[in-house]
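Shown next: target.tsv, given as TSV, C-alpha atoms.
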chain	number	residue	atom	x	y	z
A	9	MET	CA	-75.90	55.42	95.38
A	10	GLU	CA	-72.22	55.25	96.25
A	11	PHE	CA	-68.85	56.09	94.75
A	12	ASP	CA	-67.06	53.13	93.15
A	13	PRO	CA	-63.30	53.83	93.12
A	14	ARG	CA	-62.63	50.93	90.75
A	15	ILE	CA	-64.43	52.75	87.94
A	16	ASN	CA	-64.00	56.30	89.32
A	17	ALA	CA	-67.73	56.98	89.18
A	18	GLN	CA	-70.84	57.24	91.30
A	19	ARG	CA	-72.79	54.03	90.88
A	20	VAL	CA	-76.49	54.86	90.48
A	21	THR	CA	-78.62	51.87	91.49
A	22	ALA	CA	-82.14	53.08	92.35
A	23	TYR	CA	-84.68	52.67	89.54
A	24	ALA	CA	-86.05	56.20	89.90
A	25	ASP	CA	-82.57	57.76	89.87
A	26	VAL	CA	-81.39	55.80	86.82
A	27	ARG	CA	-84.56	56.68	84.94
A	28	ALA	CA	-84.27	60.37	85.89
A	29	VAL	CA	-80.68	60.59	84.63
A	30	LEU	CA	-81.56	58.85	81.37
A	31	SER	CA	-84.45	61.28	80.89
A	32	ASP	CA	-82.19	64.36	81.14
A	33	PRO	CA	-79.48	64.22	78.43
A	34	VAL	CA	-78.76	67.95	78.85
A	35	THR	CA	-77.65	67.67	82.48
A	36	PHE	CA	-76.10	64.23	82.01
A	37	SER	CA	-74.00	63.94	78.85
A	38	SER	CA	-73.28	60.66	77.08
A	39	ARG	CA	-69.90	61.85	75.79
A	40	ASN	CA	-67.94	59.55	78.12
A	41	MET	CA	-70.34	56.62	77.89
A	42	ALA	CA	-67.43	54.11	77.86
A	43	GLY	CA	-66.21	55.42	81.21
A	44	PRO	CA	-63.62	57.75	82.70
A	45	GLN	CA	-60.73	55.34	82.17
A	46	VAL	CA	-61.24	55.24	78.42
A	47	ALA	CA	-61.80	59.02	78.32
A	48	ALA	CA	-58.52	59.61	80.15
A	49	VAL	CA	-56.64	57.37	77.71
A	50	ALA	CA	-58.20	59.13	74.72
A	51	ALA	CA	-56.92	62.51	75.89
A	52	LEU	CA	-53.30	61.27	75.78
A	53	LEU	CA	-53.33	59.67	72.32
A	54	PRO	CA	-52.01	61.09	69.05
A	55	PRO	CA	-54.72	62.06	66.53
A	56	GLU	CA	-54.80	58.85	64.46
A	57	GLN	CA	-55.04	56.58	67.49
A	58	ARG	CA	-57.61	58.90	69.07
A	59	ARG	CA	-59.68	58.60	65.90
A	60	LEU	CA	-59.64	54.82	66.21
A	61	LEU	CA	-60.56	54.95	69.90
A	62	GLU	CA	-63.40	57.34	69.16
A	63	LEU	CA	-64.97	54.76	66.87
A	64	MET	CA	-66.60	53.52	70.08
A	65	PHE	CA	-68.10	56.97	70.67
A	66	SER	CA	-70.92	56.86	68.13
A	67	LEU	CA	-74.64	56.81	68.69
A	68	ASN	CA	-74.38	55.95	72.38
A	69	ALA	CA	-71.89	58.76	73.05
A	70	ALA	CA	-73.60	61.52	71.08
A	71	ASP	CA	-75.76	64.27	72.55
A	72	GLY	CA	-78.42	66.64	71.25
A	73	THR	CA	-78.76	67.28	67.54
A	74	ARG	CA	-75.76	65.10	66.66
A	75	HIS	CA	-77.37	62.15	68.41
A	76	ALA	CA	-80.68	62.82	66.62
A	77	ARG	CA	-78.93	62.95	63.24
A	78	ILE	CA	-77.02	59.68	63.76
A	79	ARG	CA	-80.12	58.00	65.17
A	80	ALA	CA	-82.16	59.04	62.14
A	81	ALA	CA	-79.57	57.47	59.83
A	82	ALA	CA	-79.52	54.28	61.90
A	83	ASN	CA	-83.29	53.93	62.09
A	84	GLN	CA	-83.54	52.84	58.46
A	85	LYS	CA	-82.34	49.37	59.47
A	86	PHE	CA	-84.53	49.10	62.58
A	87	THR	CA	-88.01	50.27	61.66
A	88	PRO	CA	-90.81	47.90	62.73
A	89	THR	CA	-91.35	46.96	59.09
A	90	ALA	CA	-87.65	46.27	58.49
A	91	VAL	CA	-87.45	44.09	61.61
A	92	ARG	CA	-90.59	42.12	60.69
A	93	ARG	CA	-89.13	41.39	57.27
A	94	MET	CA	-86.19	39.67	58.95
A	95	ALA	CA	-88.35	37.18	60.86
A	96	ASP	CA	-88.30	34.36	58.30
A	97	SER	CA	-84.54	34.50	57.75
A	98	ILE	CA	-83.94	34.66	61.52
A	99	ARG	CA	-86.10	31.59	62.06
A	100	GLU	CA	-84.39	29.70	59.27
A	101	ARG	CA	-80.98	30.57	60.73
A	102	ALA	CA	-82.01	29.41	64.20
A	103	ARG	CA	-83.53	26.17	62.91
A	104	THR	CA	-80.52	25.36	60.72
A	105	LEU	CA	-77.95	26.04	63.44
A	106	LEU	CA	-79.85	23.97	66.01
A	107	GLY	CA	-80.14	21.13	63.54
A	108	GLU	CA	-76.38	21.13	62.92
A	109	LEU	CA	-75.36	20.94	66.59
A	110	PRO	CA	-73.84	17.72	67.99
A	111	GLU	CA	-75.53	15.74	70.76
A	112	GLU	CA	-73.89	17.90	73.43
A	113	THR	CA	-72.20	21.25	72.89
A	114	ASP	CA	-71.58	24.72	74.31
A	115	PHE	CA	-74.73	26.73	73.64
A	116	VAL	CA	-72.88	30.05	73.93
A	117	SER	CA	-70.04	29.52	71.47
A	118	GLU	CA	-71.70	27.04	69.12
A	119	PHE	CA	-75.19	28.48	68.83
A	120	ALA	CA	-75.88	31.87	70.48
A	121	ALA	CA	-72.75	33.67	69.29
A	122	PRO	CA	-72.79	32.48	65.65
A	123	PHE	CA	-76.55	33.01	65.47
A	124	ALA	CA	-76.33	36.61	66.71
A	125	LEU	CA	-73.35	37.26	64.48
A	126	GLY	CA	-75.25	35.95	61.45
A	127	VAL	CA	-78.27	38.17	62.08
A	128	VAL	CA	-76.07	41.26	62.33
A	129	GLY	CA	-74.14	40.20	59.26
A	130	ASP	CA	-77.35	39.93	57.28
A	131	LEU	CA	-78.49	43.32	58.61
A	132	LEU	CA	-75.29	44.99	57.39
A	133	GLY	CA	-75.11	43.10	54.12
A	134	VAL	CA	-71.94	41.19	55.01
A	135	PRO	CA	-71.19	37.95	53.09
A	136	GLU	CA	-71.44	34.89	55.31
A	137	ALA	CA	-67.84	33.94	54.54
A	138	ASP	CA	-66.77	37.12	56.37
A	139	PHE	CA	-68.81	36.54	59.53
A	140	PRO	CA	-65.80	35.17	61.50
A	141	LEU	CA	-64.10	38.56	61.10
A	142	PHE	CA	-66.69	40.07	63.42
A	143	ARG	CA	-65.22	38.22	66.39
A	144	GLU	CA	-61.92	40.00	65.76
A	145	PHE	CA	-63.75	43.33	65.79
A	146	VAL	CA	-65.86	42.71	68.90
A	147	ALA	CA	-63.31	41.08	71.23
A	148	PRO	CA	-60.94	44.09	71.58
A	149	VAL	CA	-63.87	46.47	72.22
A	150	LEU	CA	-65.14	44.25	75.03
A	151	GLU	CA	-61.67	43.98	76.50
A	152	LEU	CA	-61.25	47.75	76.47
A	153	THR	CA	-64.60	48.32	78.22
A	154	SER	CA	-64.24	45.53	80.81
A	155	GLY	CA	-63.73	47.94	83.72
A	156	GLU	CA	-60.15	46.77	84.21
A	157	GLU	CA	-57.12	49.01	83.83
A	158	VAL	CA	-56.41	49.87	80.19
A	159	SER	CA	-53.01	48.32	79.46
A	160	GLU	CA	-50.73	48.77	76.46
A	161	ARG	CA	-51.55	45.23	75.38
A	162	VAL	CA	-55.28	45.94	75.44
A	163	LEU	CA	-54.81	49.17	73.51
A	164	GLY	CA	-52.58	47.48	70.95
A	165	SER	CA	-55.14	44.75	70.39
A	166	TYR	CA	-57.88	47.34	70.01
A	167	PHE	CA	-55.95	49.46	67.48
A	168	ALA	CA	-55.09	46.39	65.40
A	169	GLY	CA	-58.70	45.26	65.38
A	170	MET	CA	-60.03	48.71	64.51
A	171	ASN	CA	-57.59	49.15	61.64
A	172	GLU	CA	-58.96	45.91	60.18
A	173	PHE	CA	-62.51	47.04	60.93
A	174	CYS	CA	-62.04	50.37	59.11
A	175	ALA	CA	-60.45	48.66	56.12
A	176	TYR	CA	-63.34	46.21	55.88
A	177	PHE	CA	-66.27	48.60	56.39
A	178	ALA	CA	-64.73	51.25	54.14
A	179	ARG	CA	-65.90	48.94	51.34
A	180	SER	CA	-69.37	48.45	52.85
A	181	ASN	CA	-72.52	50.28	51.77
A	182	ALA	CA	-74.05	50.09	55.25
A	183	PHE	CA	-75.59	53.43	56.35
A	184	ARG	CA	-74.34	55.28	53.27
A	185	GLY	CA	-76.40	57.97	51.58
A	186	GLY	CA	-77.36	59.87	54.73
A	187	GLN	CA	-76.05	62.82	56.67
A	188	LEU	CA	-73.15	60.97	58.30
A	189	SER	CA	-69.45	61.63	58.01
A	190	GLU	CA	-67.31	58.59	57.21
A	191	GLN	CA	-66.13	58.47	60.84
A	192	GLU	CA	-69.72	58.55	62.06
A	193	ARG	CA	-70.74	55.85	59.59
A	194	LEU	CA	-67.92	53.57	60.69
A	195	SER	CA	-68.71	54.24	64.35
A	196	LEU	CA	-72.35	53.35	63.77
A	197	CYS	CA	-71.37	50.09	62.06
A	198	LEU	CA	-69.17	49.23	65.04
A	199	ALA	CA	-71.95	50.00	67.51
A	200	VAL	CA	-74.36	47.71	65.64
A	201	VAL	CA	-71.77	44.92	65.37
A	202	VAL	CA	-70.82	44.99	69.06
A	203	ALA	CA	-74.28	45.41	70.55
A	204	GLY	CA	-75.96	43.11	68.07
A	205	THR	CA	-73.56	40.24	68.70
A	206	ASP	CA	-72.48	40.48	72.33
A	207	SER	CA	-75.70	41.59	74.05
A	208	THR	CA	-77.82	39.22	71.97
A	209	THR	CA	-75.51	36.31	72.76
A	210	ASN	CA	-75.98	37.06	76.47
A	211	LEU	CA	-79.75	37.36	76.01
A	212	LEU	CA	-80.08	34.01	74.26
A	213	ALA	CA	-77.86	32.13	76.69
A	214	SER	CA	-79.77	33.51	79.68
A	215	THR	CA	-83.09	32.74	77.96
A	216	VAL	CA	-82.34	29.05	77.49
A	217	LEU	CA	-81.68	28.81	81.24
A	218	ARG	CA	-85.12	30.28	81.97
A	219	LEU	CA	-87.22	28.34	79.43
A	220	ASP	CA	-90.00	26.13	80.70
A	221	ALA	CA	-91.70	23.76	78.24
A	222	ARG	CA	-95.09	24.70	79.75
A	223	GLU	CA	-94.60	28.44	79.15
A	224	ARG	CA	-96.10	30.06	76.08
A	225	ARG	CA	-95.81	33.73	77.07
A	226	LEU	CA	-92.49	33.92	75.28
A	227	GLY	CA	-92.51	37.67	74.80
A	228	GLY	CA	-92.79	37.97	78.57
A	229	VAL	CA	-89.95	35.50	79.04
A	230	VAL	CA	-87.65	37.65	76.88
A	231	GLU	CA	-88.63	40.82	78.78
A	232	GLU	CA	-87.97	39.18	82.14
A	233	VAL	CA	-84.59	37.87	80.98
A	234	VAL	CA	-83.62	41.38	79.90
A	235	ARG	CA	-84.84	42.76	83.24
A	236	LEU	CA	-83.49	40.17	85.69
A	237	ASP	CA	-80.49	38.70	83.90
A	238	ALA	CA	-79.13	41.98	82.48
A	239	PRO	CA	-77.44	41.05	79.17
A	240	PHE	CA	-76.21	44.64	79.25
A	241	THR	CA	-75.70	46.12	82.72
A	242	GLY	CA	-75.35	49.85	82.15
A	243	PHE	CA	-73.61	52.93	80.75
A	244	PHE	CA	-71.74	55.97	82.03
A	245	ARG	CA	-72.94	59.58	82.06
A	246	THR	CA	-71.06	62.81	82.85
A	247	ALA	CA	-72.64	65.73	84.74
A	248	THR	CA	-72.57	68.97	82.75
A	249	CYS	CA	-73.30	71.12	85.81
A	250	PRO	CA	-73.57	70.72	89.60
A	251	VAL	CA	-76.61	68.56	90.36
A	252	THR	CA	-78.05	66.31	93.06
A	253	VAL	CA	-78.93	62.68	92.32
A	254	GLY	CA	-80.51	60.47	94.95
A	255	GLY	CA	-79.62	62.98	97.65
A	256	VAL	CA	-75.93	62.99	96.63
A	257	LYS	CA	-74.31	66.17	95.30
A	258	ILE	CA	-72.59	65.63	91.95
A	259	ALA	CA	-69.99	68.11	90.69
A	260	GLU	CA	-69.74	69.28	87.10
A	261	GLY	CA	-67.61	66.79	85.17
A	262	GLU	CA	-68.20	63.96	87.64
A	263	HIS	CA	-69.01	60.54	86.19
A	264	LEU	CA	-71.97	58.32	87.00
A	265	PHE	CA	-72.40	54.65	86.17
A	266	LEU	CA	-76.07	53.89	85.55
A	267	ASP	CA	-76.55	50.38	86.88
A	268	TYR	CA	-79.51	49.10	84.86
A	269	ALA	CA	-79.21	45.66	86.45
A	270	ALA	CA	-79.61	47.05	89.98
A	271	GLY	CA	-82.44	49.37	88.94
A	272	ASN	CA	-84.32	46.44	87.44
A	273	ARG	CA	-84.19	44.66	90.80
A	274	ASP	CA	-85.12	47.71	92.89
A	275	PRO	CA	-87.52	46.30	95.53
A	276	LYS	CA	-89.40	49.62	95.60
A	277	VAL	CA	-90.47	48.96	92.00
A	278	PHE	CA	-90.22	45.24	91.17
A	279	THR	CA	-90.63	41.95	92.97
A	280	GLY	CA	-87.66	39.63	92.65
A	281	ASP	CA	-89.46	36.71	91.02
A	282	PHE	CA	-89.27	35.76	87.35
A	283	ASP	CA	-92.74	36.48	85.98
A	284	PRO	CA	-93.42	36.35	82.20
A	285	GLY	CA	-96.86	37.78	82.90
A	286	ARG	CA	-95.54	40.89	84.58
A	287	PRO	CA	-97.25	44.10	83.39
A	288	SER	CA	-95.15	46.26	81.11
A	289	VAL	CA	-95.67	49.27	83.38
A	290	PRO	CA	-93.42	50.39	84.90
A	291	GLY	CA	-91.01	49.68	82.10
A	292	HIS	CA	-87.74	47.95	82.94
A	293	LEU	CA	-84.38	49.57	82.16
A	294	GLY	CA	-82.80	46.66	80.30
A	295	PHE	CA	-82.99	48.50	76.99
A	296	GLY	CA	-82.31	51.88	78.57
A	297	HIS	CA	-84.75	54.77	78.60
A	298	GLY	CA	-85.21	58.17	76.98
A	299	PRO	CA	-83.41	59.39	73.84
A	300	HIS	CA	-80.84	56.59	74.04
A	301	PHE	CA	-83.38	53.75	74.30
A	302	CYS	CA	-81.79	50.75	72.59
A	303	LEU	CA	-81.98	51.10	68.82
A	304	GLY	CA	-82.13	47.32	68.32
A	305	ALA	CA	-84.62	46.50	71.09
A	306	GLN	CA	-87.30	45.22	68.72
A	307	LEU	CA	-84.81	43.10	66.81
A	308	ALA	CA	-83.43	41.62	70.05
A	309	ARG	CA	-86.96	40.82	71.21
A	310	LEU	CA	-87.71	39.11	67.91
A	311	GLU	CA	-84.51	37.05	68.02
A	312	GLY	CA	-85.19	36.01	71.61
A	313	ARG	CA	-88.77	34.97	70.91
A	314	ILE	CA	-87.93	33.04	67.73
A	315	VAL	CA	-85.06	31.16	69.37
A	316	ALA	CA	-87.29	30.34	72.35
A	317	GLU	CA	-89.96	28.99	70.00
A	318	GLU	CA	-87.45	26.86	68.12
A	319	LEU	CA	-85.98	25.51	71.35
A	320	LEU	CA	-89.42	24.58	72.68
A	321	ASP	CA	-90.05	22.72	69.44
A	322	ARG	CA	-87.20	20.40	70.38
A	323	SER	CA	-86.45	18.02	73.26
A	324	PHE	CA	-83.56	20.27	74.36
A	325	GLU	CA	-81.82	19.99	77.71
A	326	VAL	CA	-79.42	22.25	79.59
A	327	ALA	CA	-76.76	19.91	80.92
A	328	GLU	CA	-75.88	21.86	84.07
A	329	GLN	CA	-77.67	23.50	86.98
A	330	PRO	CA	-78.18	27.30	86.88
A	331	GLY	CA	-76.11	27.70	90.04
A	332	ASP	CA	-73.16	25.96	88.40
A	333	VAL	CA	-73.07	28.18	85.31
A	334	ARG	CA	-69.93	30.30	85.06
A	335	ARG	CA	-70.78	33.94	84.29
A	336	ARG	CA	-68.67	36.39	82.34
A	337	GLU	CA	-66.69	38.91	84.38
A	338	HIS	CA	-67.21	42.25	82.68
A	339	LEU	CA	-68.37	45.70	83.73
A	340	ILE	CA	-71.21	46.08	81.21
A	341	SER	CA	-71.64	42.70	79.50
A	342	HIS	CA	-73.31	39.94	81.52
A	343	GLY	CA	-74.24	36.38	80.66
A	344	PRO	CA	-73.08	32.77	80.81
A	345	ALA	CA	-69.49	32.33	79.65
A	346	ALA	CA	-70.32	28.78	78.57
A	347	LEU	CA	-73.33	26.51	78.84
A	348	ARG	CA	-73.39	22.77	78.19
A	349	PHE	CA	-76.44	22.00	76.09
A	350	ARG	CA	-78.15	19.07	74.37
A	351	PRO	CA	-80.33	20.22	71.46
A	352	GLY	CA	-82.38	17.04	71.19
A	353	GLN	CA	-84.70	16.36	68.27
A	354	ARG	CA	-87.45	18.44	66.70
A	355	ARG	CA	-90.91	17.34	67.75
A	356	GLY	CA	-93.41	16.16	65.20
Let me see the file written as structure tokens.
Amino acid sequence: MEFDPRINAQRVTAYADVRAVLSDPVTFSSRNMAGPQVAAVAALLPPEQRRLLELMFSLNAADGTRHARIRAAANQKFTPTAVRRMADSIRERARTLLGELPEETDFVSEFAAPFALGVVGDLLGVPEADFPLFREFVAPVLELTSGEEVSERVLGSYFAGMNEFCAYFARSNAFRGGQLSEQERLSLCLAVVVAGTDSTTNLLASTVLRLDARERRLGGVVEEVVRLDAPFTGFFRTATCPVTVGGVKIAEGEHLFLDYAAGNRDPKVFTGDFDPGRPSVPGHLGFGHGPHFCLGAQLARLEGRIVAEELLDRSFEVAEQPGDVRRREHLISHGPAALRFRPGQRRG
């Protein structure tokens, strides 16, 4: 573990340390999960702009009973039964999109992103004609959480996008009828939109790079992609009291960045090879751990497996070597920025 001045936080990289912090939400608060830079900006804003910025601080930034209440409201969309019911529509969406692709295209922008966006749109009951709006909602959130300095331009783009987001989802019925305030409901919608589109896009793009036509342990492939390729690399926590982590003394109020990607490659716990047959114990950190374990983990797994099955049912080809793939530069979002791809024809 070492201090990273670029993000003003201790970077926690050991598997055991990351897991321990995630297991103790009392000592390590999620309130500044987007990082100290965003927290510092929030403190200087007038109330209306602060309200828009705090839309990011929903489920992932809540602690204790508030977190449990928001999580309970969110769970209605992500129960095992609800996720299983989506399987047929997810498969149909994947098959249709693959069938519409040209002979060579960018897998990220022309398949993975619109596919993930469509699944989230269906989940939230959004008409397909409005799906393109989601890109305008997600892009400014990603820019604000990139780890770079928060500029006036970035803030302006975010506020504009969130004003549109609030106007749109004020008319939505998603997550109504529970114990949520309107601000909490809107924040939850934003969390689902961002995580369900961006992280899933990264997952699918990294999966296609790993697929082997001889492999049929596709659930294991998805788990290994989440572990080794880190579609989502981590979150921040804030110490609520003096504490020691990994032999390092942490002061009250000090920030930690939990590096899931590093923890998932910890040589004390995992070998570095890609192994779809790897036992599920110990569990990887790609979906987090503890009370904040990823709400949409089962849905992401289902999407990854179905897309892998549909790809293996085709004579697809990735038109560049893994070492030549350009990766996104972002603090918490990780995956191919673009990926030349030939979908081929369906077999049989």
I'd like the box whose edges run along x, y and z of the file and which contains every listed atom of region 299-311 of chain A, padded by 5 Å per side; could you state its centre and edge lengths in Å, one decimal, as lines of an AutoDock Vina configuration file?
center_x = -84.3
center_y = 48.2
center_z = 70.6
size_x = 16.9
size_y = 32.3
size_z = 17.5
Item checked: Contact residues around Ser97 (chain A) with only C-alpha atoms at 10 Å, ignoring same-chain residues under 4 positions, as number ranges by chain -> A: 93, 101-103, 127, 130
Checklist line | Nearest to Glu192 (chain A) by atom-to-atom distance, counting all atoms listed in the file, from A:Leu264, A:Leu150, A:Ala178, A:Ile258 | finding: A:Ala178
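Atom pair CA of Ala247 (chain A) / CA of Val149 (chain A) has a distance of 24.6 Å (rounded to one decimal).
Distances from A:Val29, A:Ile340, A:Val49, A:Leu188 to Glu157 (chain A) were compared using all atoms listed in the file, and the smallest one belongs to A:Val49.
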Checklist line | Point-to-point distance in Å for CA of Ala22 (chain A) and CA of Val277 (chain A) | finding: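 Atom-to-atom, CA of Val277 (chain A) and CA of Ala22 (chain A) are spaced 9.3 Å apart.
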Check: Is there a way to get, as number ranges by chain, all residues within 8 Å of the point (-86.6, 39.5, 65.7) in file coordinates, counting all atoms listed in the file?
Finding: A: 91-92, 94-95, 98, 306-314
Next item on the list: Mind listing whatever residues come within 9 Å of the point (-65.8, 55.6, 68.3)? Use only C-alpha atoms, file coordinates, and give them as number ranges by chain.
Entry: A: 58-67, 69, 191-192, 194-196, 198-199
Give me, as a PDB file with C-alpha atoms, in the coordinates of the input, all polymer residues having an atom no more than 9 Å from Pro33 (chain A), counting all atoms listed in the file and skipping those fewer than 2 positions away in the same chain.
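Below you can see around_0.pdb, which holds the result:
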ATOM      1  CA  VAL A  29     -80.680  60.590  84.630  1.00  0.00           C
ATOM      2  CA  LEU A  30     -81.560  58.850  81.370  1.00  0.00           C
ATOM      3  CA  SER A  31     -84.450  61.280  80.890  1.00  0.00           C
ATOM      4  CA  THR A  35     -77.650  67.670  82.480  1.00  0.00           C
ATOM      5  CA  PHE A  36     -76.100  64.230  82.010  1.00  0.00           C
ATOM      6  CA  SER A  37     -74.000  63.940  78.850  1.00  0.00           C
ATOM      7  CA  SER A  38     -73.280  60.660  77.080  1.00  0.00           C
ATOM      8  CA  ASP A  71     -75.760  64.270  72.550  1.00  0.00           C
ATOM      9  CA  GLY A  72     -78.420  66.640  71.250  1.00  0.00           C
ATOM     10  CA  ARG A 245     -72.940  59.580  82.060  1.00  0.00           C
ATOM     11  CA  GLY A 298     -85.210  58.170  76.980  1.00  0.00           C
ATOM     12  CA  PRO A 299     -83.410  59.390  73.840  1.00  0.00           C
ATOM     13  CA  HIS A 300     -80.840  56.590  74.040  1.00  0.00           C
TER      14      HIS A 300
END
Item checked: Of the listed residues A:Pro44, A:Ala269, A:Thr209, A:Val34, that which approaches Cys249 (chain A) most closely, counting all atoms listed in the file ->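 When distances to Cys249 (chain A) are compared using all atoms listed in the file, the smallest one comes from A:Val34.
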Notebook entry, point to check: A:Arg350, A:His263, A:Arg218, A:Arg74: which is nearest Phe11 (chain A), counting all atoms listed in the file?
Noted result: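 Nearest candidate to Phe11 (chain A) out of A:Arg350, A:His263, A:Arg218, A:Arg74: A:His263.
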Next item on the list: Using CA of Gly254 (chain A) and CA of His292 (chain A) as the two end points, give the distance in Å to one decimal.
Entry: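 Computing the Euclidean distance for CA of Gly254 (chain A) and CA of His292 (chain A) yields 18.8 Å.
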Notebook entry, point to check: Which residue out of A:Ala47, A:Leu106, A:Ala327, A:Val229 has the minimum interatomic distance to Gly261 (chain A) when all atoms listed in the file are used?
Noted result: A:Ala47
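If only C-alpha atoms are the atoms counted, then among A:Gly296, A:Pro290, A:Pro110, A:Pro284 the closest residue to Val230 (chain A) is A:Pro284.
All residues of protein, DNA or RNA that reach within 12 Å of Val326 (chain A), judged by all atoms listed in the file and not counting those fewer than 2 positions away in the chain, are Glu111, Glu112, Thr113, Asp114, Phe115, Val116, Ala213, Ser214, Thr215, Val216, Leu217, Arg218, Leu219, Asp220, Leu319, Ser323, Phe324, Glu328, Gln329, Pro330, Asp332, Val333, Ala346, Leu347, Arg348, Phe349, Arg350, Pro351 and Gly352 of chain A.
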Item checked: Test item: residues at most 12 Å from Gly291 (chain A), all atoms listed in the file, excluding those fewer than 2 positions along its chain, as a ChimeraX atom specification -> /A:23-24,27,231-232,234-235,268,271-272,277-278,286-289,293-298,301
